[in-house]
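What follows is the content of entry29.cif (mmCIF, C-alpha atoms).
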data_data
loop_
_atom_site.label_atom_id
_atom_site.label_comp_id
_atom_site.auth_asym_id
_atom_site.auth_seq_id
_atom_site.Cartn_x
_atom_site.Cartn_y
_atom_site.Cartn_z
CA MET A 903 100.09 74.14 93.03
CA ARG A 904 102.52 76.12 95.15
CA ILE A 905 103.40 75.31 98.76
CA GLY A 906 104.25 77.93 101.36
CA LEU A 907 105.70 77.57 104.84
CA SER A 908 104.21 79.43 107.80
CA SER A 909 106.22 80.20 110.92
CA PRO A 910 105.04 81.46 114.33
CA ASN A 911 108.11 83.72 114.09
CA SER A 912 108.80 83.24 117.79
CA SER A 913 111.90 84.63 119.47
CA TYR A 914 112.93 81.12 120.58
CA GLY A 915 112.33 79.55 117.15
CA VAL A 916 114.45 79.26 114.02
CA PRO A 917 115.70 82.71 112.90
CA ALA A 918 113.80 83.95 109.85
CA ALA A 919 116.91 84.34 107.69
CA GLU A 920 117.92 80.71 108.28
CA MET A 921 114.38 79.41 107.87
CA ALA A 922 113.85 81.30 104.62
CA ALA A 923 117.05 80.05 103.00
CA ASP A 924 116.18 76.47 103.97
CA ALA A 925 112.58 76.82 102.72
CA GLU A 926 113.71 78.17 99.35
CA SER A 927 116.21 75.33 98.91
CA ARG A 928 113.47 72.78 99.69
CA GLY A 929 111.07 74.08 97.02
CA TYR A 930 108.68 76.18 99.08
CA ASP A 931 107.50 79.23 97.16
CA SER A 932 106.86 81.50 100.16
CA LEU A 933 107.50 82.18 103.84
CA TRP A 934 104.58 83.44 105.95
CA VAL A 935 104.96 85.03 109.39
CA GLY A 936 102.24 86.22 111.75
CA GLU A 937 101.91 89.14 114.11
CA HIS A 938 100.65 90.11 117.54
CA SER A 939 101.74 93.50 118.80
CA ASN A 940 100.84 92.64 122.38
CA ILE A 941 99.02 90.04 124.45
CA PRO A 942 97.01 91.73 127.22
CA ALA A 943 97.63 90.22 130.65
CA SER A 944 93.93 90.68 131.46
CA ARG A 945 92.77 89.08 128.22
CA GLU A 946 89.20 87.77 128.34
CA THR A 947 88.80 86.85 124.67
CA PRO A 948 89.18 83.07 124.26
CA HIS A 949 91.53 81.68 121.64
CA PRO A 950 89.53 80.61 118.54
CA SER A 951 90.70 77.01 118.97
CA GLY A 952 89.04 76.81 122.38
CA TYR A 953 92.34 75.78 123.96
CA ASP A 954 94.76 77.73 126.14
CA LEU A 955 96.73 80.41 124.34
CA PRO A 956 99.95 78.83 122.97
CA ARG A 957 103.27 80.11 124.28
CA MET A 958 104.33 81.46 120.88
CA TYR A 959 101.81 84.32 121.06
CA TRP A 960 103.88 86.07 123.72
CA HIS A 961 107.10 85.73 121.74
CA MET A 962 106.40 86.77 118.14
CA ARG A 963 109.07 88.87 116.46
CA ASP A 964 108.15 91.90 114.38
CA PRO A 965 107.06 90.52 110.98
CA PHE A 966 108.64 93.27 108.88
CA VAL A 967 112.03 92.91 110.55
CA SER A 968 111.91 89.12 110.17
CA LEU A 969 110.91 89.23 106.51
CA ALA A 970 113.57 91.83 105.74
CA ALA A 971 116.14 89.45 107.23
CA ALA A 972 114.64 86.61 105.19
CA SER A 973 114.94 88.64 101.99
CA ALA A 974 118.70 88.92 102.44
CA THR A 975 119.23 85.14 102.33
CA THR A 976 116.86 84.32 99.46
CA THR A 977 116.41 85.14 95.79
CA ASN A 978 112.94 84.09 94.66
CA LEU A 979 111.05 83.23 97.86
CA GLN A 980 107.88 85.26 98.32
CA LEU A 981 107.70 87.03 101.69
CA ILE A 982 104.22 87.25 103.20
CA THR A 983 102.65 88.53 106.40
CA GLY A 984 100.21 85.89 107.50
CA VAL A 985 98.67 88.06 108.76
CA CYS A 986 99.56 91.63 109.70
CA LEU A 987 97.04 93.13 112.12
CA LEU A 988 97.01 96.40 110.24
CA LEU A 989 94.67 98.24 112.63
CA GLU A 990 97.37 97.98 115.29
CA HIS A 991 99.70 100.24 113.27
CA GLU A 992 99.87 103.98 112.62
CA ILE A 993 99.03 104.14 108.94
CA LEU A 994 101.80 106.41 107.61
CA ASP A 995 104.43 104.36 109.40
CA LEU A 996 102.82 101.16 108.08
CA ALA A 997 102.84 102.48 104.50
CA LYS A 998 106.56 103.17 104.80
CA SER A 999 107.35 99.78 106.39
CA VAL A 1000 105.52 97.86 103.67
CA ALA A 1001 107.06 99.88 100.84
CA SER A 1002 110.53 99.59 102.37
CA LEU A 1003 110.23 95.80 102.66
CA ASP A 1004 108.99 95.54 99.09
CA ASP A 1005 111.96 97.69 98.04
CA VAL A 1006 114.71 95.78 99.86
CA SER A 1007 113.27 92.41 98.78
CA GLY A 1008 113.16 93.35 95.10
CA GLY A 1009 109.37 93.30 94.92
CA ARG A 1010 108.85 89.94 96.64
CA PHE A 1011 106.53 91.08 99.44
CA GLN A 1012 102.85 90.16 99.67
CA PHE A 1013 100.76 91.93 102.28
CA GLY A 1014 98.53 89.49 104.15
CA VAL A 1015 96.20 91.35 106.51
CA GLY A 1016 93.41 90.70 108.97
CA VAL A 1017 91.47 92.19 111.86
CA GLY A 1018 92.51 89.66 114.50
CA TRP A 1019 90.45 87.86 117.12
CA ASN A 1020 91.63 89.41 120.41
CA VAL A 1021 89.33 92.26 121.51
CA GLU A 1022 91.64 93.48 124.27
CA GLU A 1023 94.70 93.44 122.02
CA LEU A 1024 93.10 95.86 119.56
CA ALA A 1025 91.77 98.08 122.35
CA ASN A 1026 95.29 98.44 123.78
CA VAL A 1027 96.63 100.09 120.62
CA SER A 1028 93.71 101.49 118.60
CA PRO A 1029 90.64 103.70 119.09
CA VAL A 1030 88.72 101.65 116.51
CA PRO A 1031 85.66 100.00 118.15
CA TRP A 1032 85.65 96.22 117.77
CA SER A 1033 82.32 96.41 115.93
CA GLN A 1034 83.89 98.71 113.30
CA ARG A 1035 87.08 96.74 112.67
CA TYR A 1036 86.10 95.55 109.18
CA ASN A 1037 85.07 99.01 108.03
CA ALA A 1038 88.33 100.38 109.43
CA MET A 1039 90.26 97.68 107.56
CA ARG A 1040 88.61 98.67 104.27
CA GLU A 1041 89.55 102.33 104.83
CA THR A 1042 93.09 101.41 105.81
CA VAL A 1043 93.68 99.28 102.72
CA THR A 1044 92.21 102.02 100.51
CA ALA A 1045 94.42 104.67 102.10
CA LEU A 1046 97.54 102.49 101.87
CA ARG A 1047 97.03 101.84 98.17
CA GLN A 1048 96.64 105.57 97.68
CA LEU A 1049 99.84 106.30 99.60
CA TRP A 1050 101.75 103.72 97.55
CA THR A 1051 100.65 105.07 94.18
CA THR A 1052 100.46 108.88 94.45
CA GLU A 1053 103.16 111.44 95.10
CA GLU A 1054 101.05 113.48 97.52
CA SER A 1055 98.22 111.87 99.42
CA GLY A 1056 95.65 112.80 102.06
CA PHE A 1057 92.69 110.85 103.40
CA ASN A 1058 89.52 111.76 105.26
CA GLY A 1059 87.48 108.81 106.46
CA ASP A 1060 85.57 107.62 109.51
CA HIS A 1061 88.61 105.83 110.94
CA VAL A 1062 91.61 106.96 108.87
CA ASN A 1063 92.56 110.62 108.60
CA PHE A 1064 95.72 112.43 107.60
CA ASP A 1065 96.49 115.66 105.79
CA PRO A 1066 98.12 115.63 102.34
CA CYS A 1067 101.71 114.46 102.72
CA TRP A 1068 104.61 112.73 101.00
CA VAL A 1069 105.46 109.20 102.09
CA TYR A 1070 108.42 107.42 100.49
CA PRO A 1071 109.74 105.04 99.32
CA LYS A 1072 107.06 103.70 97.00
CA PRO A 1073 106.80 99.91 96.54
CA ILE A 1074 108.59 98.34 93.60
CA GLN A 1075 105.45 96.48 92.60
CA GLN A 1076 103.16 98.65 90.53
CA GLY A 1077 100.12 99.59 92.57
CA GLY A 1078 101.76 98.25 95.71
CA PRO A 1079 102.14 94.66 96.93
CA PRO A 1080 99.16 92.31 96.59
CA VAL A 1081 96.76 92.53 99.54
CA LEU A 1082 95.75 89.11 100.86
CA LEU A 1083 92.78 88.99 103.24
CA GLY A 1084 92.72 86.33 105.93
CA CYS A 1085 89.03 86.82 106.69
CA GLN A 1086 86.28 84.22 106.87
CA GLY A 1087 82.60 84.23 107.69
CA ARG A 1088 79.84 86.26 106.05
CA ILE A 1089 81.33 89.70 106.71
CA GLY A 1090 84.88 88.62 105.97
CA LEU A 1091 83.91 87.11 102.62
CA ARG A 1092 82.17 90.32 101.64
CA HIS A 1093 85.39 92.23 102.18
CA VAL A 1094 87.46 89.63 100.33
CA ALA A 1095 85.07 89.85 97.40
CA GLU A 1096 85.15 93.64 97.35
CA TYR A 1097 88.86 94.48 97.43
CA ALA A 1098 91.24 91.57 98.12
CA ASP A 1099 93.91 90.59 95.60
CA GLU A 1100 94.00 87.11 97.14
CA TRP A 1101 92.19 85.14 99.84
CA CYS A 1102 94.09 83.24 102.55
CA PRO A 1103 91.63 81.34 104.78
CA ILE A 1104 92.31 78.61 107.34
CA ASP A 1105 91.04 75.16 106.43
CA ILE A 1106 89.79 74.40 109.95
CA GLY A 1107 87.45 77.38 109.63
CA PHE A 1108 85.15 75.29 107.40
CA ARG A 1109 83.11 72.18 107.99
CA ASP A 1110 83.45 71.63 104.25
CA VAL A 1111 86.28 73.35 102.36
CA GLY A 1112 84.55 72.79 99.03
CA GLN A 1113 81.42 74.55 100.28
CA GLY A 1114 83.54 77.39 101.63
CA LEU A 1115 85.15 77.86 98.23
CA GLN A 1116 81.73 77.91 96.60
CA TRP A 1117 80.59 80.67 98.98
CA PHE A 1118 83.78 82.57 98.17
CA ARG A 1119 83.22 82.33 94.42
CA GLU A 1120 79.59 83.40 94.76
CA ALA A 1121 80.62 86.40 96.88
CA VAL A 1122 83.28 87.47 94.35
CA GLU A 1123 80.82 87.16 91.47
CA GLY A 1124 78.28 89.14 93.48
CA ALA A 1125 80.82 91.93 93.80
CA GLY A 1126 81.14 92.03 90.01
CA ARG A 1127 84.54 90.35 89.84
CA ASP A 1128 85.83 87.16 88.25
CA PRO A 1129 86.55 84.51 90.95
CA ASP A 1130 89.47 83.23 88.85
CA SER A 1131 91.13 86.64 89.27
CA VAL A 1132 91.32 86.19 93.07
CA PRO A 1133 93.70 83.33 93.92
CA VAL A 1134 93.29 81.25 97.09
CA SER A 1135 96.09 80.32 99.50
CA MET A 1136 94.76 77.83 102.07
CA TYR A 1137 96.36 77.51 105.49
CA LEU A 1138 96.61 73.82 106.35
CA PHE A 1139 96.43 73.56 110.13
CA SER A 1140 96.06 69.80 110.22
CA SER A 1141 99.01 67.50 109.52
CA PRO A 1142 99.78 67.62 105.76
CA LYS A 1143 98.70 64.49 103.90
CA ALA A 1144 98.88 63.63 100.20
CA GLU A 1145 95.15 62.99 99.94
CA THR A 1146 94.35 66.38 101.45
CA LEU A 1147 96.70 68.20 99.08
CA ALA A 1148 95.26 66.32 96.11
CA GLN A 1149 91.72 67.24 97.17
CA TYR A 1150 92.61 70.92 97.54
CA GLN A 1151 94.43 70.89 94.23
CA ASP A 1152 91.31 69.46 92.54
CA LEU A 1153 89.23 72.22 94.16
CA GLY A 1154 91.35 74.82 92.39
CA ILE A 1155 93.31 76.11 95.37
CA GLN A 1156 96.50 77.69 94.03
CA ARG A 1157 98.67 77.48 97.16
CA ILE A 1158 98.73 75.40 100.34
CA VAL A 1159 100.52 76.82 103.38
CA PHE A 1160 102.04 74.34 105.86
CA GLY A 1161 102.03 75.52 109.47
CA ALA A 1162 105.34 74.55 111.05
CA PRO A 1163 105.87 74.25 114.84
CA ASP A 1164 107.51 77.08 116.77
CA GLU A 1165 110.38 75.33 118.55
CA ALA A 1166 113.52 74.86 116.44
CA GLU A 1167 113.93 71.12 116.90
CA LYS A 1168 110.26 70.44 116.09
CA HIS A 1169 110.45 72.77 113.10
CA HIS A 1170 113.38 70.87 111.59
CA ARG A 1171 111.64 67.52 112.11
CA PHE A 1172 108.50 68.93 110.47
CA VAL A 1173 110.17 70.07 107.26
CA GLU A 1174 112.10 66.82 106.95
CA LYS A 1175 108.95 64.75 107.49
CA HIS A 1176 106.97 66.59 104.81
CA GLN A 1177 109.67 67.11 102.18
CA ALA A 1178 108.24 64.33 100.00
CA LEU A 1179 104.93 66.21 99.76
CA VAL A 1180 106.69 69.38 98.68
CA ASP A 1181 108.59 67.42 96.04
CA GLU A 1182 105.38 65.76 94.77
CA PHE A 1183 102.96 68.67 94.74
CA SER A 1184 104.99 71.86 94.43
CA GLN A 1185 104.79 73.43 90.97
CA PRO A 1186 105.51 76.98 89.76
#
Reformat the file's structure so that it appears as structure tokens.
Amino acid sequence: MRIGLSSPNSSYGVPAAEMAADAESRGYDSLWVGEHSNIPASRETPHPSGYDLPRMYWHMRDPFVSLAAASATTTNLQLITGVCLLLEHEILDLAKSVASLDDVSGGRFQFGVGVGWNVEELANVSPVPWSQRYNAMRETVTALRQLWTTEESGFNGDHVNFDPCWVYPKPIQQGGPPVLLGCQGRIGLRHVAEYADEWCPIDIGFRDVGQGLQWFREAVEGAGRDPDSVPVSMYLFSSPKAETLAQYQDLGIQRIVFGAPDEAEKHHRFVEKHQALVDEFSQP
């Protein structure tokens, strides 16, 4: 099993370049950073946890800039958006950002994506209706893969439209970087099953993680794909414990992602506290 490290990527936290170098030296296989383009001051959508919105949401750095900085201080560490809210980007610019990051990192980028949870945030930057966000995500992923693999590309969909054009550079990875979907629930699983290269759910999104994995495998089989061909990276939002990692390993989860705190001092205490788990469970 591999172990990744997730960072809130806040402007007051540990710089990504420093965090990445430390994570690689400690045996983590990947660094994950999230994204919020904006937090509306008049937000009405409650945070999924039910608690007040944490401070870090206002202070997230741009994920592509942070991961580019992280690539310069590491050699093998995988660099992952966890997750990019792709509907909040202009698609041609997004295609170039992703390909450029894959290029400068030597093909170490993995593209984690999602639709988000904040209705007002999406409305601030996109004409896509909230009810159509999953359909728009499917179109966006399809168009991005086309842009990454063809010299001249155009697209005409319900939500994504652009005339034939050239967009360079192309990603180093053939076909483009893997697309990881951070979606859960009935609709989310249908999309994962249809076109995701990997699934990256949050463990607290399930009453029973084993049951959630069974639903995932059934959905993938229903889409005519082999569940073993779609790896699972599970976000661990609770405090990491050996028994939890052993359980997830037995369930066939390929990667566990530890969620580190945002403030620098707390972050350093976190990685020191859990180093023994990385040493015990981390395998190529």
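Evaluated against the shown file, the PyMOL selection byres ((chain A and resi 1153-1157) around 8) gives Met903, Arg904, Ile905, Gly906, Gly1112, Pro1133, Val1134, Ser1135, Met1136, Gln1149, Tyr1150, Gln1151, Asp1152, Ile1158 and Val1159 of chain A.
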Output file for the selection above: C-alpha atoms, as an mmCIF file, keeping the file's coordinate frame:
data_model
loop_
_atom_site.group_PDB
_atom_site.id
_atom_site.type_symbol
_atom_site.label_atom_id
_atom_site.label_comp_id
_atom_site.auth_asym_id
_atom_site.auth_seq_id
_atom_site.Cartn_x
_atom_site.Cartn_y
_atom_site.Cartn_z
ATOM 1 C CA MET A 903 100.090 74.140 93.030
ATOM 2 C CA ARG A 904 102.520 76.120 95.150
ATOM 3 C CA ILE A 905 103.400 75.310 98.760
ATOM 4 C CA GLY A 906 104.250 77.930 101.360
ATOM 5 C CA GLY A 1112 84.550 72.790 99.030
ATOM 6 C CA PRO A 1133 93.700 83.330 93.920
ATOM 7 C CA VAL A 1134 93.290 81.250 97.090
ATOM 8 C CA SER A 1135 96.090 80.320 99.500
ATOM 9 C CA MET A 1136 94.760 77.830 102.070
ATOM 10 C CA GLN A 1149 91.720 67.240 97.170
ATOM 11 C CA TYR A 1150 92.610 70.920 97.540
ATOM 12 C CA GLN A 1151 94.430 70.890 94.230
ATOM 13 C CA ASP A 1152 91.310 69.460 92.540
ATOM 14 C CA ILE A 1158 98.730 75.400 100.340
ATOM 15 C CA VAL A 1159 100.520 76.820 103.380
#
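Between CA of Ser968 (chain A) and CA of Gly1078 (chain A) lies a distance of 19.9 Å.
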Q) Near region 957-964 of chain A, counting only C-alpha atoms, which residues have an atom at most 8 Å away, once you skip same-chain residues fewer than 5 positions from it, shown as a list in words? A)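 Near region 957-964 of chain A, the qualifying residues are Pro910, Asn911, Ser912, Ser913, Tyr914, Gly936, Glu937, His938, Ser939, Asn940, Ile941 and Asp1164 of chain A.
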Run the PyMOL selection byres ((chain A and resi 1028) around 12) on the file and write out the hits as an mmCIF file with C-alpha atoms, in the coordinates of the input.
data_model
loop_
_atom_site.group_PDB
_atom_site.id
_atom_site.type_symbol
_atom_site.label_atom_id
_atom_site.label_comp_id
_atom_site.auth_asym_id
_atom_site.auth_seq_id
_atom_site.Cartn_x
_atom_site.Cartn_y
_atom_site.Cartn_z
ATOM 1 C CA SER A 939 101.740 93.500 118.800
ATOM 2 C CA ASN A 940 100.840 92.640 122.380
ATOM 3 C CA LEU A 987 97.040 93.130 112.120
ATOM 4 C CA LEU A 988 97.010 96.400 110.240
ATOM 5 C CA LEU A 989 94.670 98.240 112.630
ATOM 6 C CA GLU A 990 97.370 97.980 115.290
ATOM 7 C CA HIS A 991 99.700 100.240 113.270
ATOM 8 C CA GLU A 992 99.870 103.980 112.620
ATOM 9 C CA ILE A 993 99.030 104.140 108.940
ATOM 10 C CA VAL A 1017 91.470 92.190 111.860
ATOM 11 C CA VAL A 1021 89.330 92.260 121.510
ATOM 12 C CA GLU A 1022 91.640 93.480 124.270
ATOM 13 C CA GLU A 1023 94.700 93.440 122.020
ATOM 14 C CA LEU A 1024 93.100 95.860 119.560
ATOM 15 C CA ALA A 1025 91.770 98.080 122.350
ATOM 16 C CA ASN A 1026 95.290 98.440 123.780
ATOM 17 C CA VAL A 1027 96.630 100.090 120.620
ATOM 18 C CA PRO A 1029 90.640 103.700 119.090
ATOM 19 C CA VAL A 1030 88.720 101.650 116.510
ATOM 20 C CA PRO A 1031 85.660 100.000 118.150
ATOM 21 C CA TRP A 1032 85.650 96.220 117.770
ATOM 22 C CA GLN A 1034 83.890 98.710 113.300
ATOM 23 C CA ARG A 1035 87.080 96.740 112.670
ATOM 24 C CA ALA A 1038 88.330 100.380 109.430
ATOM 25 C CA HIS A 1061 88.610 105.830 110.940
ATOM 26 C CA VAL A 1062 91.610 106.960 108.870
#
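Reported to one decimal place, the separation of CA of Gly1059 (chain A) from CA of Pro965 (chain A) is 27.2 Å.
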- Which residues come within 7 Å of Leu979 (chain A), counting all atoms listed in the file, excluding same-chain residues fewer than 2 positions away, as a PyMOL selection string? chain A and resi 926+931-932+976-977+981
By how many Å are CA of Asp1065 (chain A) and CA of Arg1047 (chain A) apart?
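So the two atoms, CA of Asp1065 (chain A) and CA of Arg1047 (chain A), lie 15.8 Å apart.
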For the PyMOL selection byres ((chain A and resi 1117) around 12), applied here, can you spell out every residue it catches as a PDB file with C-alpha atoms, in the coordinates of the input?
ATOM      1  CA  GLN A1086      86.280  84.220 106.870  1.00  0.00           C
ATOM      2  CA  GLY A1087      82.600  84.230 107.690  1.00  0.00           C
ATOM      3  CA  ARG A1088      79.840  86.260 106.050  1.00  0.00           C
ATOM      4  CA  ILE A1089      81.330  89.700 106.710  1.00  0.00           C
ATOM      5  CA  GLY A1090      84.880  88.620 105.970  1.00  0.00           C
ATOM      6  CA  LEU A1091      83.910  87.110 102.620  1.00  0.00           C
ATOM      7  CA  ARG A1092      82.170  90.320 101.640  1.00  0.00           C
ATOM      8  CA  VAL A1094      87.460  89.630 100.330  1.00  0.00           C
ATOM      9  CA  ALA A1095      85.070  89.850  97.400  1.00  0.00           C
ATOM     10  CA  PHE A1108      85.150  75.290 107.400  1.00  0.00           C
ATOM     11  CA  ASP A1110      83.450  71.630 104.250  1.00  0.00           C
ATOM     12  CA  VAL A1111      86.280  73.350 102.360  1.00  0.00           C
ATOM     13  CA  GLY A1112      84.550  72.790  99.030  1.00  0.00           C
ATOM     14  CA  GLN A1113      81.420  74.550 100.280  1.00  0.00           C
ATOM     15  CA  GLY A1114      83.540  77.390 101.630  1.00  0.00           C
ATOM     16  CA  LEU A1115      85.150  77.860  98.230  1.00  0.00           C
ATOM     17  CA  GLN A1116      81.730  77.910  96.600  1.00  0.00           C
ATOM     18  CA  PHE A1118      83.780  82.570  98.170  1.00  0.00           C
ATOM     19  CA  ARG A1119      83.220  82.330  94.420  1.00  0.00           C
ATOM     20  CA  GLU A1120      79.590  83.400  94.760  1.00  0.00           C
ATOM     21  CA  ALA A1121      80.620  86.400  96.880  1.00  0.00           C
ATOM     22  CA  VAL A1122      83.280  87.470  94.350  1.00  0.00           C
ATOM     23  CA  GLU A1123      80.820  87.160  91.470  1.00  0.00           C
ATOM     24  CA  GLY A1124      78.280  89.140  93.480  1.00  0.00           C
ATOM     25  CA  PRO A1129      86.550  84.510  90.950  1.00  0.00           C
TER      26      PRO A1129
END
Query raised in the report: Which residue gives the smallest distance to Ile1106 (chain A) among A:Ser1184, A:Ser951, A:Ala923, A:Gln1177, with all atoms listed in the file counted?
Result: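 For Ile1106 (chain A), the nearest of the given residues is A:Ser951.
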**OP:** Give me the residues within 10 Å of Asn1058 (chain A) as a ChimeraX atom specification, counting all atoms listed in the file and dropping any in the same chain fewer than 5 places off.
**Re:** /A:1041,1045,1063-1066
Write out as CSV the residues of region 1089-1170 of chain A that have any atom within 9 Å of an atom of region 997-1014 of chain A, one row each with the nearest atom pair and its distance in Å to one decimal, counting all atoms listed in the file, sorted by chain and then rising number.
residue,atom,partner,partner_atom,distance
A:Glu1100,CA,A:Gly1014,CA,8.7
A:Trp1101,CA,A:Gly1014,CA,8.8
A:Cys1102,CA,A:Gly1014,CA,7.8
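Of the residues listed (A:Thr975, A:Ser1131, A:Asn1020, A:Ser909), A:Asn1020 shows the shortest atom-to-atom separation from Thr947 (chain A); distances use only C-alpha atoms.
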Review point. Hey, what's within 8 Å of Ile1104 (chain A) if we count all atoms listed in the file and toss same-chain stuff fewer than 5 positions away? As a list in words, please?
Key: Gly1084, Met1136, Tyr1137, Leu1138 and Phe1139 of chain A
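Using all atoms listed in the file, the smallest distance between any of A:Asp954, A:Asp1105, A:Glu1096, A:Glu1165 and Gly1126 (chain A) comes from A:Glu1096.
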Missing atoms in region 1025-1044 of chain A should be modelled up to N, CA and C atoms and reported as an mmCIF file, keeping the file's coordinate frame.
data_model
loop_
_atom_site.group_PDB
_atom_site.id
_atom_site.type_symbol
_atom_site.label_atom_id
_atom_site.label_comp_id
_atom_site.auth_asym_id
_atom_site.auth_seq_id
_atom_site.Cartn_x
_atom_site.Cartn_y
_atom_site.Cartn_z
ATOM 1 N N ALA A 1025 92.101 96.939 121.495
ATOM 2 C CA ALA A 1025 91.770 98.080 122.350
ATOM 3 C C ALA A 1025 93.012 98.709 122.971
ATOM 4 N N ASN A 1026 94.053 97.915 123.184
ATOM 5 C CA ASN A 1026 95.290 98.440 123.780
ATOM 6 C C ASN A 1026 96.005 99.428 122.870
ATOM 7 N N VAL A 1027 95.809 99.311 121.557
ATOM 8 C CA VAL A 1027 96.630 100.090 120.620
ATOM 9 C C VAL A 1027 95.832 100.902 119.614
ATOM 10 N N SER A 1028 94.496 100.818 119.640
ATOM 11 C CA SER A 1028 93.710 101.490 118.600
ATOM 12 C C SER A 1028 92.399 102.015 119.174
ATOM 13 N N PRO A 1029 91.940 103.177 118.686
ATOM 14 C CA PRO A 1029 90.640 103.700 119.090
ATOM 15 C C PRO A 1029 89.481 103.089 118.308
ATOM 16 N N VAL A 1030 89.769 102.228 117.333
ATOM 17 C CA VAL A 1030 88.720 101.650 116.510
ATOM 18 C C VAL A 1030 87.858 100.702 117.349
ATOM 19 N N PRO A 1031 86.534 100.926 117.423
ATOM 20 C CA PRO A 1031 85.660 100.000 118.150
ATOM 21 C C PRO A 1031 85.676 98.623 117.490
ATOM 22 N N TRP A 1032 85.608 97.580 118.297
ATOM 23 C CA TRP A 1032 85.650 96.220 117.770
ATOM 24 C C TRP A 1032 84.585 96.006 116.694
ATOM 25 N N SER A 1033 83.414 96.593 116.885
ATOM 26 C CA SER A 1033 82.320 96.410 115.930
ATOM 27 C C SER A 1033 82.586 97.075 114.589
ATOM 28 N N GLN A 1034 83.579 97.978 114.533
ATOM 29 C CA GLN A 1034 83.890 98.710 113.300
ATOM 30 C C GLN A 1034 85.192 98.246 112.655
ATOM 31 N N ARG A 1035 85.743 97.134 113.121
ATOM 32 C CA ARG A 1035 87.080 96.740 112.670
ATOM 33 C C ARG A 1035 87.123 96.435 111.166
ATOM 34 N N TYR A 1036 86.074 95.844 110.614
ATOM 35 C CA TYR A 1036 86.100 95.550 109.180
ATOM 36 C C TYR A 1036 86.009 96.813 108.339
ATOM 37 N N ASN A 1037 85.151 97.742 108.752
ATOM 38 C CA ASN A 1037 85.070 99.010 108.030
ATOM 39 C C ASN A 1037 86.389 99.759 108.107
ATOM 40 N N ALA A 1038 87.032 99.712 109.270
ATOM 41 C CA ALA A 1038 88.330 100.380 109.430
ATOM 42 C C ALA A 1038 89.391 99.698 108.568
ATOM 43 N N MET A 1039 89.307 98.383 108.421
ATOM 44 C CA MET A 1039 90.260 97.680 107.560
ATOM 45 C C MET A 1039 90.090 98.116 106.112
ATOM 46 N N ARG A 1040 88.844 98.229 105.646
ATOM 47 C CA ARG A 1040 88.610 98.670 104.270
ATOM 48 C C ARG A 1040 89.234 100.050 104.047
ATOM 49 N N GLU A 1041 88.978 100.981 104.961
ATOM 50 C CA GLU A 1041 89.550 102.330 104.830
ATOM 51 C C GLU A 1041 91.067 102.296 104.832
ATOM 52 N N THR A 1042 91.637 101.476 105.696
ATOM 53 C CA THR A 1042 93.090 101.410 105.810
ATOM 54 C C THR A 1042 93.724 100.885 104.529
ATOM 55 N N VAL A 1043 93.153 99.820 103.973
ATOM 56 C CA VAL A 1043 93.680 99.280 102.720
ATOM 57 C C VAL A 1043 93.544 100.304 101.598
ATOM 58 N N THR A 1044 92.410 100.988 101.537
ATOM 59 C CA THR A 1044 92.210 102.020 100.510
ATOM 60 C C THR A 1044 93.240 103.126 100.637
#
